[in-house]
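With compact mmCIF, C-alpha atoms inside, this is coords.txt:
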# COMPACT_ATOMS: atom_id res chain seq x y z
CA MET I 1 -36.46 -35.59 9.92
CA THR I 2 -39.20 -36.75 7.59
CA ALA I 3 -38.40 -36.92 3.90
CA PRO I 4 -39.94 -34.12 1.85
CA THR I 5 -41.85 -35.14 -1.23
CA LYS I 6 -39.63 -33.00 -3.43
CA LYS I 7 -35.88 -32.89 -2.96
CA LEU I 8 -34.39 -29.47 -2.24
CA LYS I 9 -31.92 -28.18 -4.82
CA VAL I 10 -28.58 -27.19 -3.30
CA ALA I 11 -25.93 -25.27 -5.24
CA THR I 12 -22.40 -24.69 -3.92
CA THR I 13 -19.39 -22.74 -5.10
CA SER I 14 -16.02 -21.48 -3.98
CA LEU I 15 -15.20 -17.84 -4.85
CA ALA I 16 -11.97 -16.50 -3.33
CA GLY I 17 -11.67 -19.58 -1.14
CA CYS I 18 -9.40 -22.60 -0.90
CA PHE I 19 -12.10 -25.33 -1.16
CA GLY I 20 -11.35 -26.13 2.49
CA CYS I 21 -15.00 -25.48 3.36
CA HIS I 22 -16.07 -27.93 0.64
CA MET I 23 -13.64 -30.47 2.09
CA SER I 24 -15.19 -29.90 5.51
CA PHE I 25 -18.63 -30.40 3.93
CA LEU I 26 -17.42 -33.80 2.66
CA ASP I 27 -16.30 -34.52 6.23
CA ILE I 28 -19.95 -35.14 7.13
CA ASP I 29 -18.96 -38.57 5.75
CA GLU I 30 -21.74 -41.17 5.66
CA ARG I 31 -24.27 -38.50 6.67
CA LEU I 32 -23.97 -37.40 3.03
CA PHE I 33 -26.17 -40.41 2.12
CA THR I 34 -28.87 -39.26 4.55
CA LEU I 35 -28.55 -35.75 3.15
CA LEU I 36 -28.98 -37.03 -0.41
CA GLU I 37 -32.36 -38.47 0.55
CA HIS I 38 -33.49 -34.87 1.07
CA ILE I 39 -31.47 -32.80 -1.38
CA GLU I 40 -30.03 -32.93 -4.87
CA PHE I 41 -26.96 -30.99 -5.94
CA ASP I 42 -27.29 -28.37 -8.64
CA ARG I 43 -24.24 -26.30 -9.64
CA SER I 44 -21.37 -27.49 -7.46
CA PRO I 45 -17.78 -28.71 -7.75
CA LEU I 46 -19.33 -32.08 -6.74
CA THR I 47 -21.45 -32.26 -9.91
CA ASP I 48 -19.31 -30.10 -12.21
CA ILE I 49 -22.51 -28.33 -13.36
CA LYS I 50 -21.38 -24.83 -14.42
CA THR I 51 -24.53 -22.72 -14.06
CA THR I 52 -27.15 -22.50 -11.33
CA SER I 53 -30.75 -23.48 -12.07
CA PRO I 54 -33.12 -20.58 -11.47
CA ASP I 55 -35.06 -22.56 -8.83
CA CYS I 56 -32.37 -23.52 -6.30
CA ASP I 57 -33.48 -23.73 -2.68
CA ILE I 58 -30.15 -23.33 -0.93
CA GLY I 59 -26.88 -21.78 -2.12
CA LEU I 60 -23.68 -22.36 -0.18
CA ILE I 61 -20.97 -19.77 -0.86
CA GLU I 62 -17.41 -20.41 0.19
CA GLY I 63 -14.83 -17.61 -0.21
CA GLY I 64 -14.96 -13.85 -0.48
CA LEU I 65 -14.83 -11.54 -3.49
CA CYS I 66 -11.40 -10.85 -4.97
CA ASN I 67 -12.25 -10.37 -8.64
CA ALA I 68 -15.05 -9.38 -11.00
CA GLU I 69 -16.02 -12.97 -11.78
CA ASN I 70 -16.56 -13.68 -8.06
CA VAL I 71 -19.09 -10.82 -7.96
CA HIS I 72 -20.84 -12.13 -11.09
CA VAL I 73 -21.13 -15.69 -9.69
CA LEU I 74 -22.32 -14.39 -6.32
CA ARG I 75 -25.06 -12.29 -7.92
CA GLU I 76 -26.15 -15.30 -10.00
CA PHE I 77 -26.37 -17.41 -6.84
CA ARG I 78 -28.37 -14.71 -5.05
CA ALA I 79 -30.78 -14.44 -7.98
CA HIS I 80 -31.27 -18.22 -8.23
CA CYS I 81 -31.26 -19.39 -4.59
CA LYS I 82 -34.07 -18.87 -2.12
CA ILE I 83 -31.67 -19.17 0.82
CA LEU I 84 -28.07 -18.01 0.54
CA ILE I 85 -25.55 -19.13 3.14
CA ALA I 86 -22.04 -17.72 3.67
CA VAL I 87 -19.79 -20.65 4.54
CA GLY I 88 -16.50 -20.01 6.31
CA ALA I 89 -14.26 -17.10 7.30
CA CYS I 90 -13.46 -15.87 3.76
CA ALA I 91 -17.13 -15.50 2.75
CA ILE I 92 -17.91 -13.84 6.08
CA ASN I 93 -15.00 -11.43 6.56
CA GLY I 94 -12.69 -11.83 3.55
CA GLY I 95 -10.41 -14.23 5.40
CA LEU I 96 -6.89 -14.94 4.20
CA PRO I 97 -7.23 -13.27 0.76
CA ALA I 98 -8.33 -10.05 2.53
CA GLN I 99 -4.94 -9.90 4.24
CA ARG I 100 -3.83 -8.07 1.08
CA ASN I 101 -6.28 -5.24 1.73
CA HIS I 102 -3.84 -2.88 3.42
CA LEU I 103 -1.52 -3.04 0.39
CA PRO I 104 -2.16 -1.15 -2.88
CA LEU I 105 -3.06 -3.62 -5.66
CA THR I 106 -0.37 -2.19 -7.97
CA THR I 107 2.28 -2.89 -5.33
CA ILE I 108 1.11 -6.50 -5.06
CA LEU I 109 1.08 -7.06 -8.83
CA GLU I 110 4.51 -5.42 -9.12
CA GLU I 111 5.93 -7.71 -6.45
CA VAL I 112 4.34 -10.89 -7.79
CA TYR I 113 5.22 -10.34 -11.45
CA HIS I 114 8.16 -7.91 -11.52
CA THR I 115 10.30 -7.57 -8.43
CA SER I 116 10.19 -10.99 -6.72
CA PRO I 117 13.55 -12.77 -6.77
CA GLY I 118 13.95 -15.22 -9.64
CA LEU I 119 11.62 -13.45 -12.08
CA ALA I 120 12.99 -12.36 -15.44
CA ASN I 121 11.04 -9.93 -17.62
CA GLY I 122 7.81 -10.83 -15.85
CA MET I 123 4.61 -9.41 -17.27
CA ILE I 124 1.43 -8.53 -15.40
CA PRO I 125 -1.24 -10.70 -17.11
CA ASN I 126 -3.77 -8.65 -19.08
CA ASP I 127 -5.59 -11.29 -21.13
CA PRO I 128 -9.24 -10.15 -21.54
CA GLU I 129 -10.33 -13.69 -20.53
CA LEU I 130 -8.94 -13.13 -17.03
CA PRO I 131 -11.33 -11.54 -14.53
CA LEU I 132 -10.01 -8.24 -13.20
CA PRO I 133 -8.94 -8.29 -9.56
CA LEU I 134 -10.86 -6.01 -7.20
CA ASP I 135 -9.02 -3.20 -5.45
CA LYS I 136 -9.85 -4.86 -2.13
CA VAL I 137 -11.18 -8.29 -1.13
CA HIS I 138 -14.72 -8.08 0.26
CA PRO I 139 -16.94 -10.35 2.34
CA ILE I 140 -20.04 -11.40 0.41
CA HIS I 141 -22.56 -9.65 2.70
CA GLU I 142 -21.15 -6.33 1.46
CA VAL I 143 -22.56 -7.09 -2.00
CA VAL I 144 -25.70 -9.25 -1.64
CA LYS I 145 -28.15 -10.10 1.13
CA VAL I 146 -26.98 -13.21 2.97
CA ASP I 147 -29.54 -15.23 4.90
CA TYR I 148 -27.32 -17.35 7.16
CA PHE I 149 -23.68 -17.53 8.16
CA MET I 150 -21.52 -20.50 9.15
CA PRO I 151 -18.31 -19.11 10.65
CA GLY I 152 -15.08 -21.09 10.85
CA CYS I 153 -11.88 -21.75 8.94
CA PRO I 154 -13.40 -24.05 7.95
CA PRO I 155 -16.71 -24.56 9.77
CA SER I 156 -16.63 -28.11 11.13
CA ALA I 157 -18.57 -30.90 9.46
CA ASP I 158 -20.83 -30.92 12.54
CA THR I 159 -21.53 -27.20 12.13
CA ILE I 160 -22.41 -27.65 8.45
CA TRP I 161 -24.55 -30.68 9.27
CA LYS I 162 -26.38 -28.82 12.06
CA VAL I 163 -27.22 -25.80 9.89
CA LEU I 164 -28.39 -27.93 6.94
CA THR I 165 -30.48 -30.30 9.05
CA ASP I 166 -32.05 -27.36 10.93
CA LEU I 167 -33.03 -25.81 7.60
CA LEU I 168 -34.32 -29.11 6.18
CA ALA I 169 -36.47 -29.54 9.27
CA GLY I 170 -37.83 -26.02 8.85
CA ARG I 171 -36.06 -24.65 11.94
CA GLU I 172 -34.00 -21.47 12.27
CA PRO I 173 -30.39 -22.73 12.39
CA SER I 174 -28.88 -22.34 15.82
CA LEU I 175 -25.33 -23.22 16.84
CA GLN I 176 -24.47 -23.93 20.46
CA HIS I 177 -21.05 -23.61 22.12
CA GLY I 178 -18.45 -25.63 20.25
CA LEU I 179 -20.16 -25.26 16.90
CA ILE I 180 -19.46 -21.50 16.52
CA HIS I 181 -15.78 -21.02 15.78
CA TYR I 182 -14.01 -18.22 13.91
CA ASP I 183 -10.74 -20.18 13.69
CA MET G 1 -24.71 -7.85 52.99
CA SER G 2 -28.27 -7.25 53.92
CA GLN G 3 -28.84 -4.96 50.94
CA THR G 4 -30.04 -6.40 47.66
CA PHE G 5 -31.09 -5.46 44.14
CA THR G 6 -32.67 -7.58 41.45
CA LEU G 7 -30.87 -8.66 38.27
CA ASP G 8 -33.15 -10.21 35.65
CA GLY G 9 -35.54 -11.02 38.50
CA LYS G 10 -32.88 -12.69 40.65
CA THR G 11 -32.08 -11.21 44.08
CA ILE G 12 -28.42 -10.14 44.28
CA PRO G 13 -26.83 -9.14 47.61
CA PHE G 14 -24.13 -6.46 47.60
CA ALA G 15 -21.71 -4.70 49.94
CA ASP G 16 -21.41 -0.92 50.20
CA GLY G 17 -19.34 0.47 47.33
CA GLN G 18 -19.71 -2.57 45.06
CA THR G 19 -20.59 -1.98 41.43
CA ILE G 20 -23.38 -3.93 39.75
CA ILE G 21 -20.91 -6.12 37.80
CA GLN G 22 -18.92 -6.93 40.98
CA ALA G 23 -22.01 -7.93 42.93
CA ALA G 24 -23.27 -9.96 39.96
CA ALA G 25 -19.93 -11.78 39.65
CA ASP G 26 -19.93 -12.58 43.39
CA ALA G 27 -23.39 -14.08 42.90
CA GLY G 28 -22.12 -16.11 39.93
CA VAL G 29 -24.01 -14.11 37.30
CA PHE G 30 -22.14 -13.30 34.08
CA ILE G 31 -22.43 -9.87 32.48
CA PRO G 32 -20.50 -9.60 29.17
CA HIS G 33 -17.56 -7.17 29.35
CA LEU G 34 -14.25 -6.39 27.64
CA CYS G 35 -12.60 -3.34 29.26
CA TYR G 36 -13.62 -4.34 32.78
CA HIS G 37 -11.24 -6.49 34.84
CA PRO G 38 -11.87 -7.28 38.51
CA GLU G 39 -8.32 -6.27 39.51
CA PHE G 40 -8.47 -2.78 38.00
CA LYS G 41 -10.36 0.47 38.33
CA PRO G 42 -13.20 0.45 35.80
CA HIS G 43 -12.78 2.33 32.54
CA GLY G 44 -16.40 2.21 31.38
CA SER G 45 -15.50 2.52 27.70
CA CYS G 46 -16.42 -0.69 25.88
CA LYS G 47 -20.10 -0.51 26.90
CA LEU G 48 -20.47 -4.28 26.56
CA CYS G 49 -21.51 -4.47 30.23
CA THR G 50 -24.36 -2.03 29.69
CA VAL G 51 -27.49 -2.97 31.61
CA LYS G 52 -30.78 -1.23 32.21
CA VAL G 53 -31.16 0.14 35.73
CA ASN G 54 -34.74 1.10 36.48
CA GLY G 55 -35.26 1.29 32.70
CA ARG G 56 -32.19 3.43 31.89
CA HIS G 57 -29.00 2.27 30.14
CA THR G 58 -25.82 2.41 32.21
CA ALA G 59 -22.43 0.66 32.37
CA SER G 60 -22.61 -1.96 35.11
CA CYS G 61 -18.84 -1.73 35.72
CA THR G 62 -19.06 1.90 36.86
CA MET G 63 -22.55 2.01 38.42
CA ARG G 64 -22.62 1.34 42.15
CA ALA G 65 -25.25 -1.09 43.29
CA ALA G 66 -28.06 0.44 45.35
CA ALA G 67 -30.77 -1.21 47.38
CA GLY G 68 -33.93 -1.95 45.45
CA MET G 69 -32.47 -1.32 41.96
CA VAL G 70 -34.23 -3.22 39.20
CA VAL G 71 -31.51 -4.30 36.74
CA GLU G 72 -32.03 -5.99 33.37
CA SER G 73 -29.06 -7.60 31.60
CA ASP G 74 -29.70 -10.85 29.76
CA THR G 75 -32.52 -9.59 27.54
CA GLU G 76 -32.92 -9.85 23.78
CA GLU G 77 -32.79 -6.05 23.41
CA ILE G 78 -29.60 -5.53 25.44
CA ASN G 79 -27.84 -8.55 23.94
CA ALA G 80 -28.64 -7.24 20.43
CA GLU G 81 -27.00 -3.93 21.37
CA ARG G 82 -23.98 -5.79 22.78
CA ARG G 83 -23.76 -7.85 19.60
CA ALA G 84 -23.79 -4.67 17.46
CA LEU G 85 -20.99 -3.16 19.57
CA THR G 86 -18.97 -6.36 19.19
CA GLN G 87 -19.52 -6.38 15.43
CA MET G 88 -18.26 -2.78 15.26
CA LEU G 89 -15.09 -3.79 17.14
CA PHE G 90 -14.53 -6.60 14.63
CA VAL G 91 -14.88 -4.39 11.53
CA GLU G 92 -12.85 -1.47 12.95
CA GLY G 93 -9.75 -3.61 13.46
CA ASN G 94 -8.24 -6.56 11.64
CA HIS G 95 -9.48 -9.58 13.57
CA PHE G 96 -8.41 -12.53 11.48
CA CYS G 97 -8.95 -15.34 13.98
CA PRO G 98 -7.53 -18.25 11.91
CA SER G 99 -4.00 -16.80 12.09
CA CYS G 100 -4.18 -15.29 15.59
CA GLU G 101 -2.24 -16.90 18.42
CA LYS G 102 -4.89 -15.64 20.87
CA SER G 103 -7.72 -17.50 19.13
CA GLY G 104 -9.54 -19.69 21.65
CA ASN G 105 -8.14 -17.64 24.54
CA CYS G 106 -9.54 -14.33 23.26
CA GLN G 107 -12.18 -12.51 25.26
CA LEU G 108 -13.44 -10.60 22.23
CA GLN G 109 -13.92 -13.83 20.28
CA ALA G 110 -15.46 -15.69 23.22
CA THR G 111 -17.82 -12.79 23.89
CA ALA G 112 -18.84 -12.78 20.23
CA TYR G 113 -19.55 -16.54 20.49
CA HIS G 114 -21.56 -15.91 23.66
CA LEU G 115 -23.63 -13.24 21.91
CA GLY G 116 -24.20 -15.48 18.88
CA MET G 117 -22.35 -13.19 16.47
CA MET G 118 -22.57 -15.05 13.16
CA SER G 119 -21.23 -12.28 10.91
CA PRO G 120 -19.59 -8.85 11.18
CA HIS G 121 -22.77 -7.33 9.66
CA TYR G 122 -21.09 -3.97 8.94
CA ASP G 123 -18.59 -3.13 6.19
CA HIS G 124 -15.00 -3.86 7.15
CA PHE G 125 -12.60 -0.91 7.53
CA PHE G 126 -9.50 -3.06 6.80
CA PRO G 127 -7.28 -0.44 8.48
CA ASN G 128 -3.54 -0.40 7.91
CA ARG G 129 -1.99 -0.96 11.33
CA ALA G 130 1.54 -1.76 12.37
CA VAL G 131 3.15 -4.66 14.15
CA ASP G 132 5.93 -3.90 16.67
CA ALA G 133 8.43 -6.77 17.00
CA SER G 134 11.20 -4.61 18.51
CA HIS G 135 10.99 -6.14 22.01
CA PRO G 136 12.99 -9.34 22.60
CA GLU G 137 10.21 -11.09 24.56
CA VAL G 138 6.92 -9.58 23.45
CA LEU G 139 5.20 -8.89 20.13
CA LEU G 140 2.69 -6.05 19.72
CA ASP G 141 0.08 -6.52 16.98
CA PHE G 142 -1.98 -3.33 16.87
CA ASN G 143 -4.36 -4.84 14.29
CA ARG G 144 -6.32 -6.40 17.13
CA CYS G 145 -6.42 -3.53 19.63
CA ILE G 146 -9.91 -2.75 20.95
CA LEU G 147 -8.75 0.19 23.12
CA CYS G 148 -9.85 -1.42 26.40
CA SER G 149 -6.91 0.34 28.14
CA LEU G 150 -6.20 -2.62 30.42
CA CYS G 151 -2.48 -2.52 29.51
CA VAL G 152 -2.50 1.23 30.15
CA ARG G 153 -4.01 0.73 33.61
CA ALA G 154 -1.81 -2.26 34.47
CA SER G 155 1.42 -0.51 33.44
CA ARG G 156 0.49 2.70 35.26
CA ASP G 157 -1.22 1.36 38.39
CA VAL G 158 0.59 -1.95 39.02
CA ASP G 159 3.95 -1.80 37.23
CA GLY G 160 4.48 1.94 37.84
CA LYS G 161 5.95 2.30 34.35
CA ASN G 162 3.41 4.08 32.12
CA VAL G 163 4.54 2.11 29.07
CA PHE G 164 1.20 2.42 27.23
CA ALA G 165 -1.32 5.19 26.57
CA LEU G 166 -4.32 5.82 24.38
CA SER G 167 -3.74 8.71 21.99
CA GLY G 168 -5.99 10.60 19.57
CA ARG G 169 -9.74 11.06 19.70
CA GLY G 170 -12.85 9.31 18.42
CA ILE G 171 -12.24 6.90 15.56
CA GLN G 172 -8.58 8.08 15.49
CA THR G 173 -7.93 6.75 19.01
CA HIS G 174 -5.03 4.34 19.10
CA LEU G 175 -2.62 2.66 21.48
CA ILE G 176 0.85 4.20 21.73
CA VAL G 177 4.09 3.15 23.42
CA ASN G 178 5.93 5.54 25.72
CA ALA G 179 9.31 5.78 23.96
CA LYS G 180 10.80 8.44 21.70
CA SER G 181 10.94 5.86 18.90
CA GLY G 182 7.44 4.60 19.72
CA GLN G 183 8.94 1.09 19.86
CA LEU G 184 8.34 -1.30 22.76
CA GLY G 185 11.97 -2.41 22.58
CA ASP G 186 13.04 1.07 23.69
CA THR G 187 11.00 0.94 26.94
CA ASP G 188 11.71 -0.82 30.25
CA PHE G 189 8.75 -3.16 29.61
CA THR G 190 9.39 -6.81 30.58
CA LEU G 191 7.49 -10.07 30.41
CA ALA G 192 7.20 -9.93 34.22
CA ASP G 193 5.03 -6.79 33.97
CA LYS G 194 1.36 -7.11 34.81
CA ALA G 195 0.68 -5.25 31.56
CA ALA G 196 2.14 -8.19 29.62
CA HIS G 197 -0.69 -10.43 30.85
CA VAL G 198 -3.93 -8.44 30.76
CA CYS G 199 -4.62 -7.99 27.04
CA PRO G 200 -8.07 -9.52 26.40
CA VAL G 201 -7.28 -9.84 22.67
CA GLY G 202 -4.15 -10.73 20.70
CA VAL G 203 -2.19 -7.45 20.82
CA ILE G 204 0.38 -8.21 23.54
CA LEU G 205 1.78 -11.66 22.84
CA LYS G 206 4.70 -13.57 24.36
CA LYS G 207 7.14 -14.47 21.62
CA ARG G 208 8.23 -18.01 20.79
CA GLN G 209 5.26 -19.84 22.26
CA GLY G 210 3.01 -19.77 19.20
CA PHE G 211 0.39 -22.49 19.07
CA ALA G 212 1.90 -24.38 22.05
CA VAL G 213 -1.70 -25.30 22.85
CA PRO G 214 -3.50 -26.37 19.65
CA ILE G 215 -6.59 -24.52 18.46
CA GLY G 216 -9.63 -26.43 19.70
CA GLU G 217 -8.09 -27.17 23.12
CA ARG G 218 -7.90 -23.62 24.46
CA LYS G 219 -9.68 -21.88 27.31
CA TYR G 220 -12.92 -20.89 25.59
CA ASP G 221 -12.92 -24.06 23.48
CA GLN G 222 -13.36 -25.92 26.79
CA ALA G 223 -16.14 -23.79 28.25
CA PRO G 224 -18.06 -20.70 27.14
CA ILE G 225 -16.98 -17.36 28.62
CA SER G 226 -20.23 -17.14 30.59
CA GLU G 227 -18.92 -20.00 32.74
CA THR G 228 -15.73 -18.12 33.63
CA VAL G 229 -17.54 -15.41 35.60
CA GLY G 230 -15.32 -13.51 38.03
CA GLU G 231 -12.03 -14.75 36.54
CA GLY G 232 -11.30 -11.54 34.70
CA GLN G 233 -10.13 -13.37 31.62
Please, can you express the file's structure as C-alpha cells?
Amino acid sequence: MTAPTKKLKVATTSLAGCFGCHMSFLDIDERLFTLLEHIEFDRSPLTDIKTTSPDCDIGLIEGGLCNAENVHVLREFRAHCKILIAVGACAINGGLPAQRNHLPLTTILEEVYHTSPGLANGMIPNDPELPLPLDKVHPIHEVVKVDYFMPGCPPSADTIWKVLTDLLAGREPSLQHGLIHYD
Amino acid sequence: MSQTFTLDGKTIPFADGQTIIQAAADAGVFIPHLCYHPEFKPHGSCKLCTVKVNGRHTASCTMRAAAGMVVESDTEEINAERRALTQMLFVEGNHFCPSCEKSGNCQLQATAYHLGMMSPHYDHFFPNRAVDASHPEVLLDFNRCILCSLCVRASRDVDGKNVFALSGRGIQTHLIVNAKSGQLGDTDFTLADKAAHVCPVGVILKKRQGFAVPIGERKYDQAPISETVGEGQ
C-alpha cells in the first residue's frame, strides 16, 4: 500500500445500532496508526464532529433505520460520501431492532410506557425534539444506494481492515471464507 | 461406469440412473443445493442446484445424467442466479443469524457465504410467523423455514409418521404439523425421528442445547460448504 498524496476523508455513524461495529472497528488495534497515514476522520463518534463535509470519500454506516432522524442522517451521508458502506447486520437487514417489525408500533409503545409492570401513569413521549419512530425498522439499502456491505454482528476487525485496505489500494473489496459472517 | 458427461469441462463418470448432482458429488464436485439431500428422493424445488445442460437450465438433483451431456455449473451467470434465489429466501423469512442457534451449522447461511451474498438486495418481507414450543424435546421456529420439505420427506419416508406437510400455494406456502391443534406436542414426533435431524436451517431445533458449541467454532466456520460435498449437510 503506497501512501496517497491526499488523505481520504472517512465519515462514520451509528443509526439504529449499538456501536458494536464501531468497537469492532477499534479492534483493528495498532493497524489504526497505519490507517491514519492514509485517511482522516470526518464526522464520526471518534472525532465528535456533528456534520459530514460535502467531500467525504468513504462513509461507514452502522445500524438500520428506526426513526426519522436515522433517515435524515443516512441521506446526508449518501449525498456527501463518494462510497457508502453498510457495516454490520443492522445496516444490512435491520438486525436486532428489526425484531420489532412483526408487532404494531402502538402495541410496543403501549407496553413500554403504559402496561409494563412497575410503571405508574406512564406517558408516551411526544416532545417535538424527539425523532418520530418509523412504523418498521428498515435496512439502509431500502432507502439509499449502498456501494459495499460488510456483514456480521459485528463484522470482525479483520473484515473491516480487509475491506478498507482493498478500497485504499483501489481494489474491489473481496472477503474469503472466514471473513464473511452473518453472526 | 464407462459413461461420462462433462461438468465445467471436467469429465464426470456416472452409473445408470444417477442424477447429475449425485455423479458430481461422487466425483467430489460441489453443486450448491438446499432441498436436495443424498438420502432422500429429490424434490427439485429450491432451484439452487440449477445447471445448464446443453445450454438449457435444469435442476441437477432431478435430471438424470446422460452420456455426452455438456453441463455448466460454476459460472458467473448461474452463480448470480443462485445468489438471487438465496437473497429471496432471506427476505421472505426472518433469518436473523446473530440470535439463531443454527448459525454456523446452517446450510442456507453457508450457501450464502459460498455464493458471496453480501446483502439481501431485495426489500425484507418481515413476515409474522409463529414459534411452536409445545414439544418437550424440540422447538419449531417457522421464521426460518425455506420449504425444502426435507422434514416432510423424512417423516413420511423414513419415520412412517407424516408429522409434517407443506400447505397452501405460491407465496402462501407454509409448513404445517399433522395434529388437530397444529402443535408438535400433540403428535408422536420424537427426537429419535429422522425428521428431527434433517432441517438445513434453524426450524427444527433440539431444546436445551443452545450454544453448546460457540459461534465461530461450528461446522461451516471450520470449512466452507463446498468442501463438505456429498455429506448432505
Notebook entry, point to check: Quick one: residues within 10 Å of G:Thr173, all atoms listed in the file counted, chain neighbours fewer than 5 positions away excluded, as an MDAnalysis selection string?
Noted result: chainID G and resid 146:147 166:168
Next item on the list: Just the residues within 12 Å of G:Thr58, please, counting all atoms listed in the file, with nothing from its chain fewer than 4 positions along; format it as a PyMOL selection string.
Entry: chain G and resi 19-21+44-54+62-65+71-73+78
Next item on the list: Hey, list the chain G side of the contact with chain I: 10 Å cut-off, only C-alpha atoms, answer as a ChimeraX atom specification.
Entry: /G:90-91,94-100,103-104,109-110,112-114,116-129,215-216,220-225
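For the atom pair formed by atom CA of G:Asn162 and atom CA of G:Thr190, the distance is 12.5 Å, given to one decimal.
Coordinates place atom CA of G:Gln3 at a distance of 8.1 Å from atom CA of G:Gly68.
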Notebook entry, point to check: Can you list, as a PyMOL selection string, every protein, DNA or RNA residue that comes within 10 Å of G:Ala66 when you count only C-alpha atoms, leaving out same-chain residues fewer than 4 positions away?
Noted result: chain G and resi 3-5+13-20+70
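Among the candidates I:Asp166, I:Asp147, I:Glu62, I:Asp135, the residue lying nearest to I:Leu15 is I:Glu62 (atoms considered: only C-alpha atoms).
Atom pair atom CA of I:Leu65 / atom CA of I:Thr13 has a distance of 12.2 Å (rounded to one decimal).
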